[in-house]
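> One file: my_file18.csv (CSV, C-alpha atoms).
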chain,number,residue,atom,x,y,z
A,1,MET,CA,103.4,3.5,128.7
A,2,SER,CA,103.3,7.3,128.0
A,3,LEU,CA,101.1,8.9,125.4
A,4,ARG,CA,104.2,10.2,123.6
A,5,LEU,CA,105.6,6.6,123.3
A,6,LYS,CA,102.3,5.3,122.1
A,7,LEU,CA,102.0,7.9,119.4
A,8,THR,CA,105.6,7.3,118.3
A,9,LEU,CA,105.0,3.5,118.1
A,10,LEU,CA,101.7,4.1,116.3
A,11,LEU,CA,103.1,6.5,113.7
A,12,GLY,CA,106.3,4.4,113.3
A,13,GLY,CA,104.2,1.2,112.9
A,14,LEU,CA,102.1,2.8,110.2
A,15,VAL,CA,105.1,4.1,108.4
A,16,LEU,CA,106.9,0.8,108.6
A,17,ALA,CA,103.9,-1.1,107.4
A,18,THR,CA,103.5,1.3,104.5
A,19,VAL,CA,107.2,1.0,103.6
A,20,LEU,CA,107.2,-2.8,103.8
A,21,GLY,CA,104.0,-3.0,101.8
A,22,ALA,CA,105.5,-0.6,99.2
A,23,TYR,CA,108.7,-2.7,99.0
A,24,VAL,CA,106.8,-6.0,98.6
A,25,VAL,CA,104.4,-4.6,96.0
A,26,THR,CA,107.1,-2.8,94.1
A,27,GLY,CA,109.4,-5.8,94.2
A,28,ARG,CA,106.8,-8.2,92.9
A,29,MET,CA,105.2,-5.9,90.4
A,30,VAL,CA,108.1,-3.9,89.1
A,31,MET,CA,111.6,-4.9,90.2
A,32,THR,CA,111.3,-8.7,89.9
A,33,PRO,CA,109.7,-8.7,86.4
A,34,PHE,CA,112.3,-6.0,85.4
A,35,ALA,CA,115.2,-8.1,86.6
A,36,LYS,CA,113.9,-11.2,84.9
A,37,GLU,CA,113.4,-9.4,81.6
A,38,VAL,CA,116.9,-7.9,81.8
A,39,MET,CA,118.4,-11.3,82.5
A,40,ARG,CA,116.5,-12.9,79.7
A,41,SER,CA,117.6,-10.2,77.3
A,42,HIS,CA,121.2,-10.6,78.4
A,43,ILE,CA,121.0,-14.4,78.0
A,44,ASP,CA,119.5,-14.1,74.5
A,45,GLY,CA,122.3,-11.7,73.6
A,46,VAL,CA,125.0,-14.2,74.8
A,47,VAL,CA,123.3,-17.1,72.9
A,48,PHE,CA,123.3,-14.9,69.8
A,49,LEU,CA,127.0,-14.2,70.4
A,50,VAL,CA,127.7,-17.9,70.8
A,51,GLU,CA,125.9,-18.7,67.5
A,52,ARG,CA,128.1,-16.1,65.7
A,53,ALA,CA,131.2,-17.6,67.2
A,54,GLU,CA,130.2,-21.0,66.0
A,55,GLN,CA,129.9,-19.6,62.5
A,56,GLY,CA,133.6,-18.7,62.6
A,57,GLU,CA,133.9,-15.3,64.2
A,58,ASP,CA,136.5,-14.8,66.9
A,59,PRO,CA,134.8,-14.6,70.3
A,60,ALA,CA,137.4,-12.2,71.7
A,61,ALA,CA,137.2,-9.9,68.7
A,62,LEU,CA,133.4,-10.0,68.8
A,63,GLY,CA,133.3,-9.2,72.4
A,64,GLU,CA,135.7,-6.3,72.0
A,65,ARG,CA,133.6,-4.9,69.2
A,66,LEU,CA,130.4,-5.2,71.3
A,67,GLY,CA,132.1,-3.9,74.5
A,68,LEU,CA,131.8,-7.2,76.3
A,69,ASP,CA,134.2,-9.3,78.4
A,70,VAL,CA,134.1,-12.6,76.5
A,71,ARG,CA,136.1,-15.6,77.5
A,72,VAL,CA,136.2,-19.2,76.5
A,73,ARG,CA,136.4,-21.8,79.3
A,74,LYS,CA,136.6,-25.5,79.4
A,75,ARG,CA,134.0,-25.9,82.0
A,76,PRO,CA,131.1,-23.7,83.2
A,77,PRO,CA,131.0,-21.7,86.4
A,78,ARG,CA,130.2,-23.7,89.5
A,79,LEU,CA,126.9,-23.1,91.1
A,80,SER,CA,128.6,-22.1,94.3
A,81,GLU,CA,130.7,-19.3,92.6
A,82,HIS,CA,130.1,-15.6,93.0
A,83,GLY,CA,128.6,-15.6,96.5
A,84,ARG,CA,126.6,-17.9,98.6
A,85,ARG,CA,125.5,-21.3,97.2
A,86,GLY,CA,122.6,-21.0,94.7
A,87,ARG,CA,123.7,-17.6,93.2
A,88,CYS,CA,124.3,-19.4,89.9
A,89,THR,CA,121.6,-21.3,88.2
A,90,SER,CA,121.5,-23.7,85.2
A,91,LEU,CA,118.8,-23.6,82.5
A,92,GLN,CA,118.1,-24.5,78.9
A,93,VAL,CA,117.8,-21.8,76.2
A,94,ARG,CA,117.1,-22.7,72.6
A,95,GLY,CA,118.6,-26.2,73.1
A,96,ARG,CA,121.7,-25.0,74.8
A,97,GLU,CA,122.7,-25.3,78.5
A,98,VAL,CA,123.2,-21.9,80.1
A,99,VAL,CA,124.6,-21.1,83.5
A,100,ALA,CA,123.6,-17.6,84.7
A,101,CYS,CA,125.0,-16.1,87.9
A,102,ARG,CA,123.7,-13.1,89.9
A,103,GLY,CA,125.7,-10.2,91.2
A,104,PRO,CA,128.0,-7.5,89.7
A,105,LYS,CA,130.5,-8.8,87.2
A,106,ALA,CA,128.7,-12.1,87.4
A,107,PRO,CA,129.1,-14.3,84.2
A,108,VAL,CA,126.6,-15.9,81.9
A,109,ALA,CA,128.1,-19.1,80.4
A,110,VAL,CA,126.7,-20.9,77.3
A,111,GLU,CA,127.8,-24.3,76.1
A,112,SER,CA,129.1,-24.3,72.5
A,113,SER,CA,131.3,-26.4,70.2
A,114,LEU,CA,134.2,-24.2,71.2
A,115,GLY,CA,133.7,-24.8,74.9
A,116,TRP,CA,131.9,-22.7,77.4
A,117,ILE,CA,131.7,-19.1,76.2
A,118,THR,CA,131.4,-16.8,79.3
A,119,VAL,CA,130.3,-13.2,79.1
A,120,ARG,CA,130.6,-11.0,82.2
A,121,ARG,CA,128.1,-8.2,82.5
A,122,ASP,CA,128.6,-4.8,84.3
A,123,LEU,CA,125.0,-4.6,85.5
A,124,ASP,CA,123.3,-6.7,88.1
A,125,PRO,CA,119.6,-6.6,87.4
A,126,THR,CA,118.7,-7.4,91.0
A,127,GLU,CA,120.8,-4.5,92.4
A,128,PRO,CA,118.2,-1.8,91.9
A,129,GLY,CA,115.7,-3.7,94.0
A,130,GLU,CA,118.3,-4.2,96.8
A,131,ARG,CA,119.2,-0.5,96.6
A,132,ALA,CA,115.5,0.4,96.8
A,133,GLY,CA,115.2,-1.9,99.9
A,134,ARG,CA,118.1,-0.2,101.6
A,135,PHE,CA,116.8,3.2,100.7
A,136,LEU,CA,113.3,2.4,102.1
A,137,LEU,CA,114.9,1.1,105.3
A,138,LEU,CA,116.8,4.4,105.8
A,139,VAL,CA,113.5,6.2,105.1
A,140,ALA,CA,111.7,4.2,107.7
A,141,ILE,CA,114.4,4.9,110.3
A,142,GLY,CA,114.3,8.6,109.5
A,143,VAL,CA,110.5,8.6,109.8
A,144,LEU,CA,110.7,6.9,113.2
A,145,PHE,CA,112.8,9.8,114.5
A,146,ILE,CA,110.4,12.2,112.9
A,147,SER,CA,107.5,10.4,114.5
A,148,PHE,CA,109.1,10.7,117.9
A,149,PHE,CA,109.6,14.4,117.5
A,150,ALA,CA,106.1,14.8,116.0
A,151,ALA,CA,104.6,12.9,119.0
A,152,ALA,CA,106.6,15.1,121.4
A,153,LEU,CA,105.3,18.2,119.7
A,154,ALA,CA,101.7,16.9,119.7
A,155,THR,CA,101.8,16.0,123.4
A,156,ARG,CA,103.6,19.1,124.6
A,157,PRO,CA,100.3,21.0,125.2
A,158,LEU,CA,99.2,18.0,127.4
A,159,SER,CA,102.4,18.2,129.3
A,160,GLN,CA,101.9,21.9,129.8
A,161,MET,CA,98.3,21.3,130.9
A,162,ARG,CA,99.4,18.7,133.4
A,163,GLU,CA,102.1,21.0,134.8
A,164,ALA,CA,99.6,23.8,135.1
A,165,MET,CA,97.1,21.6,137.0
A,166,SER,CA,99.9,20.4,139.3
A,167,ARG,CA,100.9,24.0,140.0
A,168,VAL,CA,97.3,25.1,140.7
A,169,ALA,CA,96.9,22.0,142.9
A,170,SER,CA,100.0,23.1,144.9
A,171,GLY,CA,98.5,26.5,145.5
A,172,GLU,CA,99.6,28.7,142.6
A,173,ILE,CA,96.1,29.8,141.8
A,174,ASP,CA,97.3,32.6,139.6
A,175,HIS,CA,99.0,30.4,137.1
A,176,ARG,CA,97.7,30.6,133.6
A,177,LEU,CA,98.2,28.7,130.3
A,178,PRO,CA,99.2,30.5,127.1
A,179,GLU,CA,96.1,30.9,124.8
A,180,HIS,CA,97.6,30.2,121.4
A,181,GLY,CA,98.2,27.3,119.1
A,182,ALA,CA,95.7,25.1,117.4
A,183,LYS,CA,92.0,26.2,117.9
A,184,GLU,CA,91.1,23.2,120.1
A,185,LEU,CA,94.2,23.7,122.3
A,186,ALA,CA,93.6,27.5,122.6
A,187,ASP,CA,89.9,26.8,123.5
A,188,LEU,CA,91.1,24.3,126.2
A,189,ALA,CA,93.6,26.8,127.5
A,190,ARG,CA,90.9,29.6,127.7
A,191,THR,CA,88.6,27.2,129.5
A,192,PHE,CA,91.3,26.2,132.0
A,193,ASN,CA,92.2,29.9,132.6
A,194,ALA,CA,88.5,30.8,133.1
A,195,MET,CA,88.2,28.0,135.6
A,196,THR,CA,91.2,29.0,137.6
A,197,ALA,CA,90.2,32.7,137.5
A,198,ARG,CA,86.8,31.7,138.9
A,199,LEU,CA,88.4,29.5,141.5
A,200,ASN,CA,90.7,32.3,142.5
A,201,GLU,CA,87.7,34.7,142.9
A,202,MET,CA,86.0,32.1,145.1
A,203,LEU,CA,89.1,31.6,147.3
A,204,ARG,CA,89.6,35.4,147.6
A,205,ALA,CA,86.0,35.7,148.7
A,206,GLU,CA,86.5,32.9,151.2
A,207,ARG,CA,89.7,34.6,152.5
A,208,ALA,CA,87.8,37.9,152.8
A,209,LEU,CA,85.0,36.2,154.6
A,210,MET,CA,87.3,34.4,157.1
A,211,ALA,CA,89.2,37.6,157.7
A,212,GLY,CA,85.9,39.4,158.4
A,213,ILE,CA,84.7,36.7,160.7
A,214,SER,CA,88.0,36.7,162.6
A,215,HIS,CA,87.8,40.5,163.0
A,216,GLU,CA,84.1,40.6,163.9
A,217,VAL,CA,84.3,37.7,166.4
A,218,ARG,CA,87.6,38.6,168.1
A,219,THR,CA,86.5,42.2,168.6
A,220,PRO,CA,83.7,41.2,171.0
A,221,LEU,CA,86.0,38.6,172.6
A,222,ALA,CA,88.4,41.4,173.4
A,223,ARG,CA,85.5,43.5,174.9
A,224,LEU,CA,84.5,40.4,177.0
A,225,ARG,CA,88.0,40.1,178.3
A,226,LEU,CA,87.9,43.7,179.3
A,227,GLU,CA,84.6,43.2,181.0
A,228,LEU,CA,86.0,40.3,183.0
A,229,GLU,CA,88.7,42.5,184.3
A,230,LEU,CA,86.2,45.2,185.3
A,231,ILE,CA,83.9,42.8,187.1
A,232,ARG,CA,86.7,41.2,189.1
A,233,ASP,CA,86.3,44.0,191.7
A,234,GLN,CA,82.6,43.5,192.0
A,235,GLY,CA,82.7,40.4,194.1
A,236,VAL,CA,82.4,37.7,191.4
A,237,SER,CA,84.1,34.5,192.5
A,238,GLU,CA,87.5,33.8,191.0
A,239,SER,CA,86.4,30.3,189.9
A,240,ARG,CA,83.5,31.7,187.9
A,241,LEU,CA,85.8,34.3,186.3
A,242,ALA,CA,88.4,31.6,185.5
A,243,SER,CA,85.7,29.4,183.9
A,244,MET,CA,84.6,32.4,181.8
A,245,GLU,CA,88.2,33.1,180.8
A,246,ARG,CA,88.7,29.5,179.7
A,247,ASP,CA,85.6,29.7,177.6
A,248,LEU,CA,86.9,32.8,175.9
A,249,GLU,CA,90.3,31.2,175.3
A,250,GLU,CA,88.7,28.1,173.8
A,251,ILE,CA,86.6,30.3,171.4
A,252,ASP,CA,89.7,32.3,170.5
A,253,ALA,CA,91.7,29.1,169.9
A,254,LEU,CA,88.8,27.6,167.8
A,255,ILE,CA,88.8,30.7,165.6
A,256,GLY,CA,92.6,30.5,165.2
A,257,GLU,CA,92.4,26.8,164.3
A,258,MET,CA,89.5,27.4,161.8
A,259,LEU,CA,91.5,30.2,160.1
A,260,GLU,CA,94.6,28.1,159.9
A,261,THR,CA,92.6,25.1,158.5
A,262,SER,CA,91.0,27.3,155.8
A,263,ARG,CA,94.3,28.9,154.8
A,264,LEU,CA,96.0,25.5,154.5
A,265,ALA,CA,93.0,24.1,152.5
A,266,ILE,CA,93.0,27.0,149.9
A,267,GLY,CA,96.7,27.3,149.7
A,268,ASP,CA,96.8,30.9,151.1
A,269,ARG,CA,100.0,30.2,152.9
A,270,ARG,CA,103.0,28.8,151.1
A,271,LEU,CA,105.7,26.8,152.8
A,272,GLU,CA,109.1,28.3,153.4
A,273,ARG,CA,111.1,25.2,152.5
A,274,GLU,CA,114.6,24.8,154.0
A,275,PRO,CA,116.7,22.0,155.5
A,276,VAL,CA,115.4,21.1,158.9
A,277,ASP,CA,117.3,19.0,161.4
A,278,LEU,CA,114.7,16.7,163.1
A,279,THR,CA,116.7,16.4,166.3
A,280,SER,CA,117.0,20.1,167.0
A,281,MET,CA,113.5,20.8,165.9
A,282,THR,CA,112.1,18.1,168.2
A,283,GLU,CA,114.0,19.4,171.2
A,284,GLU,CA,112.7,22.9,170.5
A,285,ALA,CA,109.1,21.6,170.2
A,286,VAL,CA,109.4,19.9,173.5
A,287,GLN,CA,110.6,23.0,175.1
A,288,ARG,CA,107.8,25.1,173.6
A,289,ALA,CA,105.2,22.5,174.7
A,290,ALA,CA,106.3,22.8,178.4
A,291,ILE,CA,104.5,19.6,179.4
A,292,ASN,CA,105.1,18.9,183.1
A,293,SER,CA,102.4,16.3,183.6
A,294,HIS,CA,104.1,13.7,181.4
A,295,PRO,CA,107.8,12.7,181.1
A,296,ILE,CA,108.9,13.0,177.4
A,297,THR,CA,111.6,10.7,176.1
A,298,ILE,CA,113.4,11.2,172.8
A,299,SER,CA,115.2,8.3,171.1
A,300,GLY,CA,116.6,7.4,167.7
A,301,TYR,CA,118.6,9.4,165.2
A,302,GLY,CA,116.8,12.1,163.2
A,303,GLY,CA,118.0,13.1,159.8
A,304,VAL,CA,117.6,16.3,157.8
A,305,VAL,CA,114.4,16.9,155.9
A,306,VAL,CA,113.1,19.6,153.6
A,307,GLY,CA,110.3,21.7,155.1
A,308,ASP,CA,108.9,24.8,156.8
A,309,ARG,CA,110.4,24.7,160.3
A,310,GLU,CA,107.7,26.8,162.0
A,311,ARG,CA,104.9,24.7,160.4
A,312,LEU,CA,106.7,21.4,161.5
A,313,LEU,CA,107.1,22.8,165.0
A,314,ARG,CA,103.3,23.4,165.0
A,315,VAL,CA,102.7,19.8,163.9
A,316,LEU,CA,104.8,18.3,166.6
A,317,GLY,CA,103.3,20.7,169.2
A,318,ASN,CA,99.8,19.5,168.1
A,319,LEU,CA,100.9,15.8,168.4
A,320,LEU,CA,102.3,16.4,171.9
A,321,GLY,CA,99.3,18.3,173.0
A,322,ASN,CA,97.0,15.5,171.7
A,323,ALA,CA,99.1,12.9,173.7
A,324,GLN,CA,99.0,15.1,176.8
A,325,LYS,CA,95.3,15.5,176.6
A,326,TYR,CA,94.4,11.8,176.3
A,327,ALA,CA,97.2,10.0,178.2
A,328,PRO,CA,96.9,9.5,181.9
A,329,ALA,CA,99.1,11.9,183.9
A,330,GLY,CA,102.5,10.5,184.7
A,331,THR,CA,102.6,8.1,181.7
A,332,PRO,CA,105.4,8.8,179.3
A,333,ILE,CA,105.1,10.4,175.9
A,334,GLU,CA,107.7,8.8,173.6
A,335,ILE,CA,109.2,10.4,170.5
A,336,GLU,CA,111.2,8.2,168.2
A,337,LEU,CA,113.3,10.0,165.6
A,338,LEU,CA,113.6,8.5,162.1
A,339,PRO,CA,115.9,9.3,159.2
A,340,SER,CA,113.1,11.2,157.5
A,341,GLY,CA,110.4,11.6,160.1
A,342,LEU,CA,109.4,10.7,163.6
A,343,ARG,CA,106.8,8.9,165.8
A,344,VAL,CA,104.9,10.2,168.8
A,345,ALA,CA,103.4,7.5,171.1
A,346,ASP,CA,101.4,7.7,174.3
A,347,ARG,CA,99.9,5.4,176.8
A,348,GLY,CA,96.3,6.6,176.5
A,349,PRO,CA,93.2,4.7,175.6
A,350,GLY,CA,93.9,4.6,171.9
A,351,VAL,CA,91.3,5.1,169.2
A,352,PRO,CA,88.7,2.6,167.9
A,353,GLU,CA,90.0,0.9,164.8
A,354,ASP,CA,87.1,2.1,162.7
A,355,ALA,CA,88.0,5.7,163.6
A,356,LEU,CA,91.7,5.6,162.9
A,357,LEU,CA,91.3,6.7,159.3
A,358,ARG,CA,89.0,9.6,160.3
A,359,ILE,CA,90.9,11.2,163.2
A,360,PHE,CA,92.6,13.6,160.7
A,361,GLU,CA,89.2,14.9,159.5
A,362,PRO,CA,88.3,18.4,160.7
A,363,PHE,CA,86.0,18.4,163.8
A,364,PHE,CA,86.0,14.6,164.0
A,365,ARG,CA,86.2,13.2,167.5
A,366,ALA,CA,86.1,9.5,168.2
A,367,LYS,CA,83.4,8.3,170.6
A,368,SER,CA,84.9,6.0,173.1
A,369,PRO,CA,85.4,5.8,176.9
A,370,GLY,CA,88.3,8.0,177.9
A,371,LEU,CA,88.2,10.1,174.8
A,372,SER,CA,85.7,12.7,176.0
A,373,LYS,CA,88.1,15.6,176.4
A,374,PRO,CA,87.8,19.3,175.7
A,375,GLY,CA,88.8,20.3,172.2
A,376,PHE,CA,87.5,20.9,168.7
A,377,GLY,CA,89.0,18.1,166.6
A,378,LEU,CA,91.2,20.4,164.5
A,379,GLY,CA,94.7,19.8,165.9
A,380,LEU,CA,95.3,16.5,164.0
A,381,SER,CA,93.5,17.9,160.9
A,382,VAL,CA,95.9,20.9,160.8
A,383,ALA,CA,98.9,18.5,161.3
A,384,HIS,CA,97.7,16.3,158.5
A,385,GLN,CA,97.2,19.2,156.1
A,386,ILE,CA,100.7,20.6,156.9
A,387,ILE,CA,102.4,17.3,156.3
A,388,THR,CA,100.5,16.7,153.1
A,389,LEU,CA,101.6,20.2,151.8
A,390,HIS,CA,105.1,19.1,152.5
A,391,GLY,CA,104.6,16.0,150.2
A,392,GLY,CA,104.8,13.7,153.2
A,393,HIS,CA,102.6,11.2,154.9
A,394,VAL,CA,101.0,10.9,158.4
A,395,ARG,CA,99.7,7.6,159.8
A,396,ALA,CA,98.0,6.6,163.1
A,397,ARG,CA,97.8,3.2,164.7
A,398,ASN,CA,97.0,1.8,168.1
A,399,ARG,CA,100.0,0.5,170.1
A,400,THR,CA,100.1,-3.0,171.5
A,401,GLY,CA,99.3,-2.8,175.2
A,402,GLY,CA,97.4,0.5,174.8
A,403,GLY,CA,98.0,3.9,173.5
A,404,LEU,CA,98.1,5.7,170.2
A,405,GLU,CA,101.1,6.1,167.9
A,406,ILE,CA,101.3,8.7,165.1
A,407,GLU,CA,104.1,8.6,162.5
A,408,ILE,CA,105.0,11.4,160.1
A,409,GLU,CA,107.2,10.9,157.1
A,410,LEU,CA,108.8,13.9,155.2
A,411,PRO,CA,110.8,14.3,152.0
A,412,PRO,CA,114.5,13.8,152.8
A,413,LEU,CA,117.1,16.5,152.0
A,414,GLU,CA,118.2,14.7,148.8
A,415,SER,CA,114.7,15.1,147.2
A,416,LYS,CA,114.7,18.9,147.5
A,417,ARG,CA,113.7,20.5,144.2
A,418,VAL,CA,115.9,23.1,142.7
Once you've parsed the file, please lay out its structure as C-alpha cells.


Amino acid sequence: MSLRLKLTLLLGGLVLATVLGAYVVTGRMVMTPFAKEVMRSHIDGVVFLVERAEQGEDPAALGERLGLDVRVRKRPPRLSEHGRRGRCTSLQVRGREVVACRGPKAPVAVESSLGWITVRRDLDPTEPGERAGRFLLLVAIGVLFISFFAAALATRPLSQMREAMSRVASGEIDHRLPEHGAKELADLARTFNAMTARLNEMLRAERALMAGISHEVRTPLARLRLELELIRDQGVSESRLASMERDLEEIDALIGEMLETSRLAIGDRRLEREPVDLTSMTEEAVQRAAINSHPITISGYGGVVVGDRERLLRVLGNLLGNAQKYAPAGTPIEIELLPSGLRVADRGPGVPEDALLRIFEPFFRAKSPGLSKPGFGLGLSVAHQIITLHGGHVRARNRTGGGLEIEIELPPLESKRV
C-alpha cells in the first residue's frame, strides 16, 4: 500500500469518525430532544383544540382561524400509514388517546366526543436531524476527496526525491532537487544536492585518475613496442619477441578492460538505446569474433530488444571469447536466440557450483582443473555491468553433461520508455 493511500485513508478515517461522532452527539443531545419537544408541544396544541371543539366551537372554523388543516374522522390513522410500519404511534395524553405520525404533512389524531379530530402539520420535527445527517455525509465525501489531494500534495516531495535518486542511480550525477518548500523539505533537498555534488566530484577525480593512469601506462607500452621492433634486427629469437609482444598486448587489454569497468561502474558512459534485432546482431558478433577453433551454431528466433548495439556486441563477443577459451578445440559453441535475449553454451569443464554466483565479479577466476587459462577475470564482469545498465539480467548455470551456459535477458521493444 502506497504512502499516499495510507495518508488518504488515515485522514479520511479521522474525518469520518469525527463526523459520525458529531452526528451521534448532536442527534442525542440536540436534535432528538428538540424533535420530542416540538412533537409534545404540537400534541398539546391539538388536545387544546379538541377541548375547544367539545365546548361547541366548529373544528373547521377553529382550524381556519389558527391556520391548521383540521378534519374530523370516524377512525384514527392506521399505524402503517404515512410510510413504513411504525411511523405512527399511539399514546395517552391527559386521558385521551392520541395517534401521532411522523413525516411531512403527517397527522396527529385525538379521540373526542365528535370523533377523531385530525390535525396535519407542515413541519416534521425529525426532518432537521435527517437533513443534518445528509449534509454531514456530503461533507465527509468532500473531505475524503480533499484528503486524497492533500495526501498527494504531502507525498509529492517524496516522489520527487525517489525520482531524483533513481536518476542519480542510473548515471545522471548532475541531477539536483529544487531547494524550496517547507523548511524540512528544503533542508533535505540541500543535503541531497550536497551529497550528489560530492559524489560527482569523487567520480570526476576517479575519471581523471583513470585517464591519467591510461596515458601514463600506455605511453611506456608504446615505447616498449617500438623497442621490440628495433631489437628484431639484433638477433633476438622470434619466439622470445612474440612472447614479449603477447605480454604487452595482455597489459594493454587489461588497461582497456579496467577503464571500461570503471566507466560502467560510475556511469560515465550512457547507453545509446535503439531497437536491436537479436538475429542480425548475433550474426555480426560471430563474424567479428572470427573463431576458427570451434564451430558456432545459431538456433531459435530472436526478437527485437531495446539497447545499445555496440555494447551488446561487446557482451556477446566476451561470451564467445570466454567459451572459446575454456571449451576444448573442435567442440561446438551453441547460441540459442530467444524473443528477448539469448543463450551461449559451450562444452567446457563448467564452473564449480559455489562459484557460479561469483563469476561476474571483477577479477574473480574459479579455481578448478581445466579453468587455469590466461585472462584477467574482467570479461564476464563487463558483460554483467552492460546488461544490468540495460535493465536486463544475466545468469550462468552448468549444462547437463558438461559445459557452461550463460543466458542474457533484455527489455523487449514494447518496454521502451518514451

> Tell me, as a list in words, which residues lie within 12 Å of A:Gly95, counting all atoms listed in the file; anything in the same chain fewer than 5 positions away does not count.

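That gives Val47, Glu51, Val110, Glu111 and Ser112 of chain A.
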
> At a cut-off of 12 Å, using all atoms listed in the file, what residues contact A:Tyr301? Leave out same-chain residues fewer than 2 positions from it and give the result as a list in words.

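Skipping anything fewer than 2 positions along the chain leaves Asp277, Leu278, Thr279, Ser280, Thr282, Ile298, Ser299, Gly303, Val304, Ile335, Glu336, Leu337, Leu338, Pro339, Ser340, Gly341, Leu342 and Arg343 of chain A.
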
> Using only C-alpha atoms, determine which residues lie at most 9 Å from stretch 223-227 of chain A, disregarding the query and same-chain residues fewer than 4 positions distant; provide the list as number ranges by chain.

A: 218-219, 231-232, 245, 248

> Go ahead and write the residues just picked, C-alpha atoms, as an mmCIF file, in the frame of the given file.


data_model
loop_
_atom_site.group_PDB
_atom_site.id
_atom_site.type_symbol
_atom_site.label_atom_id
_atom_site.label_comp_id
_atom_site.auth_asym_id
_atom_site.auth_seq_id
_atom_site.Cartn_x
_atom_site.Cartn_y
_atom_site.Cartn_z
ATOM 1 C CA ARG A 218 87.600 38.600 168.100
ATOM 2 C CA THR A 219 86.500 42.200 168.600
ATOM 3 C CA ILE A 231 83.900 42.800 187.100
ATOM 4 C CA ARG A 232 86.700 41.200 189.100
ATOM 5 C CA GLU A 245 88.200 33.100 180.800
ATOM 6 C CA LEU A 248 86.900 32.800 175.900
#

> Calculate how many Å separate atom CA of A:His294 from atom CA of A:Ile406, rounding to one decimal.

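Those two atoms sit 17.3 Å apart.
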
> Could you tell me how far atom CA of A:Ile333 sits from atom CA of A:Glu353, in Å to one decimal place?

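Distance reported for this atom pair: 21.0 Å.
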
> Smallest atom-to-atom distance to A:Thr26: which of A:Ala152, A:Ala329, A:Ala132, A:Leu316, using only C-alpha atoms?

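The closest residue to A:Thr26 is A:Ala132.
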
> Give me the residues near stretch 138-144 of chain A as a ChimeraX atom specification, where near means some atom within 9 Å (using all atoms listed in the file) and where sequence neighbours in that chain fewer than 6 positions away do not count.

/A:8-9,11-13,15-16,19

> Find, counting all atoms listed in the file, the residue in A:Arg311, A:Arg75, A:Arg288, A:Arg358 that gets nearest to A:Leu378.

A:Arg358

> Name all residues at most 9 Å from stretch 241-244 of chain A (count all atoms listed in the file; drop same-chain ones fewer than 3 positions away) and give them as a list in words.

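Contacts, in chain order: Leu228, Glu229, Ile231, Arg232, Val236, Ser237, Glu238, Asp247, Leu248 and Glu249 of chain A.
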